[in-house]
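Chemist: Would you mind keeping the following structure in view while I ask a few things?
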Amino acid sequence: MRFIGDYKALCDGGTLEGFLERQPPAVFLHHSAGSGLGILSGLPGSTRNRLVLENQAGNRLPGSSAKEEAYLVFPIEPKTNGKNQPMLLGCSSTCDIFVNDATVSRKHALIELARGDYYIMDQKSTAGTWVNGVSLRGGEKTLLTSGDRVSVGAVNLLFLLPKEFYNFVVKFLGD
C-alpha cells in the first residue's frame, strides 16, 4: 500500500486528536476513478492544494470494484488577515482551491468560513454549482455540512469536516 502526502502520519498510528491538530479545518474529497482530472497519469503525490491517497493493497470501500482507489484531497485552508477571507474555487491556478478540469470555470465558486460554518456561493459559473443535487442560485450562500455532495462542472466533491475525513481515511486504509 502507498499512502502519499501529508496524511502519512495517520497511517503510522496517529490519533484523531493528533490529526485534528495538524489538519486543515475541512476538505473537499474527489474520487478520481473515471474523472477527467487525470491524477493517476504521471507520478502521484502532492501538488498545489492536492494530495493523492492511493491504495494498492486491495483495500476498497464498499461498492468499489476498482483494483486501485485514488482520491484527490483539496484542503480548504481559510486565508486570514485579521479575519477569515473567502476562498475561491476554480480551474485557475491562482485560485485558493485549484480544480484542474475543463468543466470548472476559472472562478467557479466562493467558499466562506463564518463563525465555524462553511458556506458556498456560485460565481456565475458556466456549468453551475450544485449541493446535494440542488442548483445554487447566483449570489446565494448555501451552508455546507459534513457529507454534502458538491458538484462544480462535471467534478463531484464530497465536503468533509476533519473528524469525518479522519474516519474516511481510517476506513479506506482498513485499520
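Chain labels A, B, ... are given in the sequence in which chains occur in the C-alpha cells; within each chain residues are numbered consecutively from 1, and ligands are likewise numbered from 1 in the order shown.
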Residues at most 12 Å from A:Ser135, counting only C-alpha atoms, excluding those fewer than 4 positions away in the same chain, as number ranges by chain?

Modeler: A: 120-122, 124-125, 127-131, 139-142, 149-153

Chemist: Write a file of the selected residues as a compact mmCIF listing (two decimals), in the first residue's frame, keeping all heavy atoms.

Modeler:
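Result went into selection.txt, see below:
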# COMPACT_ATOMS: atom_id res chain seq x y z
N ILE A 120 -20.97 28.08 0.62
CA ILE A 120 -20.52 28.09 -0.76
C ILE A 120 -21.46 28.98 -1.56
O ILE A 120 -22.66 29.04 -1.28
CB ILE A 120 -20.45 26.65 -1.35
CG1 ILE A 120 -19.79 26.66 -2.72
CG2 ILE A 120 -21.83 25.99 -1.35
CD1 ILE A 120 -19.40 25.28 -3.22
N MET A 121 -20.89 29.68 -2.55
CA MET A 121 -21.67 30.56 -3.40
C MET A 121 -21.13 30.46 -4.82
O MET A 121 -19.92 30.61 -5.05
CB MET A 121 -21.57 32.00 -2.90
CG MET A 121 -22.43 32.97 -3.67
SD MET A 121 -22.52 34.63 -2.94
CE MET A 121 -20.83 35.07 -2.68
N ASP A 122 -22.01 30.16 -5.78
CA ASP A 122 -21.61 30.11 -7.18
C ASP A 122 -21.21 31.50 -7.65
O ASP A 122 -21.79 32.50 -7.23
CB ASP A 122 -22.77 29.57 -8.04
CG ASP A 122 -22.34 29.34 -9.46
OD1 ASP A 122 -21.60 28.38 -9.71
OD2 ASP A 122 -22.72 30.15 -10.34
N LYS A 124 -21.34 32.79 -10.82
CA LYS A 124 -21.83 32.89 -12.21
C LYS A 124 -21.04 31.98 -13.13
O LYS A 124 -20.66 32.36 -14.25
CB LYS A 124 -21.78 34.35 -12.69
CG LYS A 124 -22.67 35.27 -11.87
CD LYS A 124 -22.59 36.69 -12.38
CE LYS A 124 -23.43 37.59 -11.49
NZ LYS A 124 -23.34 39.00 -11.88
N SER A 125 -20.78 30.76 -12.65
CA SER A 125 -20.03 29.79 -13.43
C SER A 125 -20.85 29.32 -14.63
O SER A 125 -22.09 29.38 -14.61
CB SER A 125 -19.64 28.60 -12.56
OG SER A 125 -20.80 27.92 -12.12
N ALA A 127 -21.12 26.13 -15.86
CA ALA A 127 -21.79 24.85 -15.62
C ALA A 127 -22.57 24.81 -14.32
O ALA A 127 -23.28 23.84 -14.05
CB ALA A 127 -20.76 23.72 -15.64
N GLY A 128 -22.44 25.81 -13.49
CA GLY A 128 -23.19 25.87 -12.25
C GLY A 128 -22.54 25.11 -11.10
O GLY A 128 -21.59 24.36 -11.27
N THR A 129 -23.08 25.35 -9.92
CA THR A 129 -22.64 24.69 -8.69
C THR A 129 -23.87 24.05 -8.06
O THR A 129 -24.93 24.68 -7.99
CB THR A 129 -22.01 25.72 -7.71
OG1 THR A 129 -20.91 26.35 -8.37
CG2 THR A 129 -21.53 25.04 -6.44
N TRP A 130 -23.72 22.82 -7.62
CA TRP A 130 -24.83 22.06 -7.06
C TRP A 130 -24.42 21.53 -5.69
O TRP A 130 -23.28 21.08 -5.49
CB TRP A 130 -25.16 20.88 -7.96
CG TRP A 130 -25.54 21.30 -9.36
CD1 TRP A 130 -24.71 21.81 -10.33
CD2 TRP A 130 -26.83 21.26 -9.93
NE1 TRP A 130 -25.42 22.08 -11.46
CE2 TRP A 130 -26.72 21.75 -11.26
CE3 TRP A 130 -28.07 20.84 -9.47
CZ2 TRP A 130 -27.81 21.84 -12.10
CZ3 TRP A 130 -29.15 20.93 -10.33
CH2 TRP A 130 -29.02 21.43 -11.62
N VAL A 131 -25.34 21.54 -4.74
CA VAL A 131 -25.12 20.95 -3.42
C VAL A 131 -26.23 19.93 -3.19
O VAL A 131 -27.41 20.28 -3.21
CB VAL A 131 -25.11 22.01 -2.29
CG1 VAL A 131 -24.97 21.34 -0.93
CG2 VAL A 131 -23.98 23.01 -2.50
N GLY A 139 -25.42 34.33 -6.42
CA GLY A 139 -25.32 35.22 -5.27
C GLY A 139 -25.86 34.65 -3.98
O GLY A 139 -25.79 35.29 -2.94
N GLU A 140 -26.41 33.45 -4.01
CA GLU A 140 -26.99 32.84 -2.81
C GLU A 140 -25.96 31.99 -2.09
O GLU A 140 -25.35 31.10 -2.68
CB GLU A 140 -28.18 31.97 -3.24
CG GLU A 140 -28.85 31.21 -2.13
CD GLU A 140 -29.96 30.32 -2.68
OE1 GLU A 140 -30.88 30.86 -3.31
OE2 GLU A 140 -29.89 29.10 -2.47
N LYS A 141 -25.77 32.25 -0.79
CA LYS A 141 -24.86 31.44 0.03
C LYS A 141 -25.62 30.22 0.52
O LYS A 141 -26.76 30.33 0.97
CB LYS A 141 -24.37 32.22 1.25
CG LYS A 141 -23.37 33.27 0.98
CD LYS A 141 -22.90 33.86 2.29
CE LYS A 141 -22.19 35.16 2.08
NZ LYS A 141 -21.78 35.76 3.34
N THR A 142 -24.95 29.06 0.47
CA THR A 142 -25.54 27.83 0.97
C THR A 142 -24.63 27.23 2.02
O THR A 142 -23.42 27.10 1.79
CB THR A 142 -25.75 26.83 -0.19
OG1 THR A 142 -26.63 27.42 -1.15
CG2 THR A 142 -26.33 25.53 0.31
N ARG A 149 -22.59 16.62 -0.84
CA ARG A 149 -22.02 16.37 -2.16
C ARG A 149 -22.12 17.65 -2.97
O ARG A 149 -23.21 18.18 -3.17
CB ARG A 149 -22.73 15.22 -2.85
CG ARG A 149 -22.62 13.95 -2.00
CD ARG A 149 -22.86 12.70 -2.78
NE ARG A 149 -22.65 11.54 -1.92
CZ ARG A 149 -21.49 10.95 -1.71
NH1 ARG A 149 -20.41 11.41 -2.29
NH2 ARG A 149 -21.39 9.89 -0.93
N VAL A 150 -20.96 18.15 -3.40
CA VAL A 150 -20.89 19.41 -4.13
C VAL A 150 -20.40 19.10 -5.53
O VAL A 150 -19.38 18.44 -5.71
CB VAL A 150 -19.91 20.39 -3.42
CG1 VAL A 150 -19.77 21.67 -4.22
CG2 VAL A 150 -20.38 20.67 -2.00
N SER A 151 -21.13 19.60 -6.53
CA SER A 151 -20.72 19.44 -7.93
C SER A 151 -20.37 20.79 -8.51
O SER A 151 -21.16 21.73 -8.42
CB SER A 151 -21.85 18.80 -8.75
OG SER A 151 -22.15 17.51 -8.25
N VAL A 152 -19.19 20.88 -9.07
CA VAL A 152 -18.74 22.06 -9.79
C VAL A 152 -18.39 21.59 -11.20
O VAL A 152 -17.49 20.78 -11.37
CB VAL A 152 -17.54 22.75 -9.08
CG1 VAL A 152 -17.98 23.42 -7.80
CG2 VAL A 152 -16.40 21.80 -8.80
N GLY A 153 -19.15 22.05 -12.17
CA GLY A 153 -18.98 21.50 -13.50
C GLY A 153 -19.30 20.01 -13.45
O GLY A 153 -20.29 19.60 -12.85

Chemist: Compile the contact shell of stretch 84-94 of chain A as an MDAnalysis selection string: residues with an atom at most 12 Å away, counting only C-alpha atoms, same-chain residues fewer than 5 positions apart removed.

Modeler: chainID A and resid 28 37 47:50 74:79 99:129 141 150:153 155 157

Chemist: Any chance you can output those residues with N, CA and C atoms as a compact mmCIF listing (two decimals), in the first residue's frame?

Modeler:
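Writing done, so here's out-v8.txt:
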# COMPACT_ATOMS: atom_id res chain seq x y z
N PHE A 28 -12.39 19.08 0.60
CA PHE A 28 -13.22 18.51 -0.45
C PHE A 28 -12.50 17.25 -0.89
N LEU A 37 -9.78 14.49 -14.27
CA LEU A 37 -8.73 15.22 -13.57
C LEU A 37 -7.36 14.59 -13.77
N THR A 47 0.56 18.04 -5.04
CA THR A 47 0.74 19.17 -5.93
C THR A 47 0.08 20.34 -5.23
N ARG A 48 -0.01 21.46 -5.87
CA ARG A 48 -0.59 22.63 -5.22
C ARG A 48 -2.03 22.32 -4.78
N ASN A 49 -2.26 22.32 -3.48
CA ASN A 49 -3.56 22.12 -2.88
C ASN A 49 -4.21 20.78 -3.22
N ARG A 50 -3.40 19.80 -3.61
CA ARG A 50 -3.97 18.49 -3.90
C ARG A 50 -3.07 17.42 -3.31
N PHE A 74 -8.66 18.13 -1.48
CA PHE A 74 -8.49 19.56 -1.64
C PHE A 74 -8.67 20.21 -0.27
N PRO A 75 -7.60 20.51 0.44
CA PRO A 75 -7.74 21.17 1.74
C PRO A 75 -8.38 22.55 1.59
N ILE A 76 -9.28 22.87 2.49
CA ILE A 76 -9.93 24.18 2.50
C ILE A 76 -9.27 24.96 3.62
N GLU A 77 -8.28 25.73 3.27
CA GLU A 77 -7.49 26.45 4.25
C GLU A 77 -7.84 27.93 4.20
N PRO A 78 -8.63 28.39 5.17
CA PRO A 78 -9.04 29.79 5.16
C PRO A 78 -7.84 30.73 5.21
N LYS A 79 -7.95 31.78 4.41
CA LYS A 79 -6.93 32.84 4.44
C LYS A 79 -7.33 33.77 5.58
N VAL A 99 -9.02 23.33 -9.01
CA VAL A 99 -9.61 22.11 -9.56
C VAL A 99 -9.37 22.16 -11.07
N ASN A 100 -8.41 21.39 -11.53
CA ASN A 100 -7.97 21.43 -12.91
C ASN A 100 -8.86 20.57 -13.79
N ASP A 101 -9.98 21.14 -14.24
CA ASP A 101 -10.91 20.42 -15.09
C ASP A 101 -11.56 21.43 -16.03
N ALA A 102 -11.73 21.02 -17.31
CA ALA A 102 -12.27 21.93 -18.32
C ALA A 102 -13.71 22.35 -18.05
N THR A 103 -14.46 21.58 -17.26
CA THR A 103 -15.86 21.93 -16.98
C THR A 103 -15.99 22.88 -15.79
N VAL A 104 -14.89 23.17 -15.13
CA VAL A 104 -14.89 24.08 -13.99
C VAL A 104 -14.47 25.46 -14.48
N SER A 105 -15.25 26.47 -14.13
CA SER A 105 -14.93 27.84 -14.54
C SER A 105 -13.67 28.33 -13.83
N ARG A 106 -13.03 29.33 -14.42
CA ARG A 106 -11.80 29.87 -13.82
C ARG A 106 -12.05 30.32 -12.38
N LYS A 107 -13.14 31.02 -12.15
CA LYS A 107 -13.55 31.44 -10.81
C LYS A 107 -14.96 30.89 -10.61
N HIS A 108 -15.05 29.66 -10.18
CA HIS A 108 -16.31 28.92 -10.19
C HIS A 108 -17.18 29.19 -8.96
N ALA A 109 -16.60 29.09 -7.77
CA ALA A 109 -17.38 29.23 -6.54
C ALA A 109 -16.54 29.87 -5.46
N LEU A 110 -17.23 30.47 -4.51
CA LEU A 110 -16.59 31.10 -3.37
C LEU A 110 -16.93 30.29 -2.13
N ILE A 111 -15.91 29.98 -1.32
CA ILE A 111 -16.11 29.26 -0.07
C ILE A 111 -15.81 30.25 1.05
N GLU A 112 -16.71 30.32 2.01
CA GLU A 112 -16.57 31.28 3.10
C GLU A 112 -16.71 30.55 4.43
N LEU A 113 -15.86 30.89 5.38
CA LEU A 113 -15.93 30.36 6.74
C LEU A 113 -16.40 31.50 7.64
N ALA A 114 -17.55 31.30 8.29
CA ALA A 114 -18.10 32.33 9.18
C ALA A 114 -18.63 31.66 10.44
N ARG A 115 -18.06 32.05 11.58
CA ARG A 115 -18.47 31.53 12.89
C ARG A 115 -18.44 30.00 12.93
N GLY A 116 -17.42 29.42 12.31
CA GLY A 116 -17.25 27.97 12.34
C GLY A 116 -18.05 27.21 11.29
N ASP A 117 -18.85 27.90 10.50
CA ASP A 117 -19.64 27.26 9.45
C ASP A 117 -19.07 27.60 8.08
N TYR A 118 -19.18 26.64 7.16
CA TYR A 118 -18.71 26.84 5.79
C TYR A 118 -19.91 27.11 4.89
N TYR A 119 -19.73 28.07 3.99
CA TYR A 119 -20.76 28.42 3.01
C TYR A 119 -20.14 28.38 1.63
N ILE A 120 -20.97 28.08 0.62
CA ILE A 120 -20.52 28.09 -0.76
C ILE A 120 -21.46 28.98 -1.56
N MET A 121 -20.89 29.68 -2.55
CA MET A 121 -21.67 30.56 -3.40
C MET A 121 -21.13 30.46 -4.82
N ASP A 122 -22.01 30.16 -5.78
CA ASP A 122 -21.61 30.11 -7.18
C ASP A 122 -21.21 31.50 -7.65
N GLN A 123 -20.21 31.56 -8.51
CA GLN A 123 -19.70 32.85 -9.02
C GLN A 123 -20.06 33.03 -10.49
N LYS A 124 -21.34 32.79 -10.82
CA LYS A 124 -21.83 32.89 -12.21
C LYS A 124 -21.04 31.98 -13.13
N SER A 125 -20.78 30.76 -12.65
CA SER A 125 -20.03 29.79 -13.43
C SER A 125 -20.85 29.32 -14.63
N THR A 126 -20.17 28.83 -15.64
CA THR A 126 -20.85 28.34 -16.84
C THR A 126 -21.68 27.09 -16.56
N ALA A 127 -21.12 26.13 -15.86
CA ALA A 127 -21.79 24.85 -15.62
C ALA A 127 -22.57 24.81 -14.32
N GLY A 128 -22.44 25.81 -13.49
CA GLY A 128 -23.19 25.87 -12.25
C GLY A 128 -22.54 25.11 -11.10
N THR A 129 -23.08 25.35 -9.92
CA THR A 129 -22.64 24.69 -8.69
C THR A 129 -23.87 24.05 -8.06
N LYS A 141 -25.77 32.25 -0.79
CA LYS A 141 -24.86 31.44 0.03
C LYS A 141 -25.62 30.22 0.52
N VAL A 150 -20.96 18.15 -3.40
CA VAL A 150 -20.89 19.41 -4.13
C VAL A 150 -20.40 19.10 -5.53
N SER A 151 -21.13 19.60 -6.53
CA SER A 151 -20.72 19.44 -7.93
C SER A 151 -20.37 20.79 -8.51
N VAL A 152 -19.19 20.88 -9.07
CA VAL A 152 -18.74 22.06 -9.79
C VAL A 152 -18.39 21.59 -11.20
N GLY A 153 -19.15 22.05 -12.17
CA GLY A 153 -18.98 21.50 -13.50
C GLY A 153 -19.30 20.01 -13.45
N VAL A 155 -17.28 17.86 -11.99
CA VAL A 155 -16.47 17.33 -10.89
C VAL A 155 -17.34 17.22 -9.64
N LEU A 157 -17.56 16.50 -5.69
CA LEU A 157 -16.74 16.60 -4.49
C LEU A 157 -17.57 16.22 -3.28

Chemist: DSSP on the backbone, strand (DSSP E or B) only: what residues of stretch 104-170 of chain A does that give? Format it as a VMD selection string.

Modeler: chain A and resid 109 to 114 117 to 122 129 to 131 134 to 135 142 to 144 149 to 152 155 to 160

Chemist: For A:Thr145, which residue among A:Leu16, A:Leu158, A:Cys95, A:Val169 is the nearest when counting only C-alpha atoms?

Modeler: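 The shortest atom-to-atom distance to A:Thr145 comes from A:Leu158.
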
Chemist: I need the residue nearest A:Val27 from this list: A:Leu160, A:Leu143, A:Val170, A:Leu72. Use only C-alpha atoms for the distance.

Modeler: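 Counting only C-alpha atoms, the residue closest to A:Val27 is A:Leu160.
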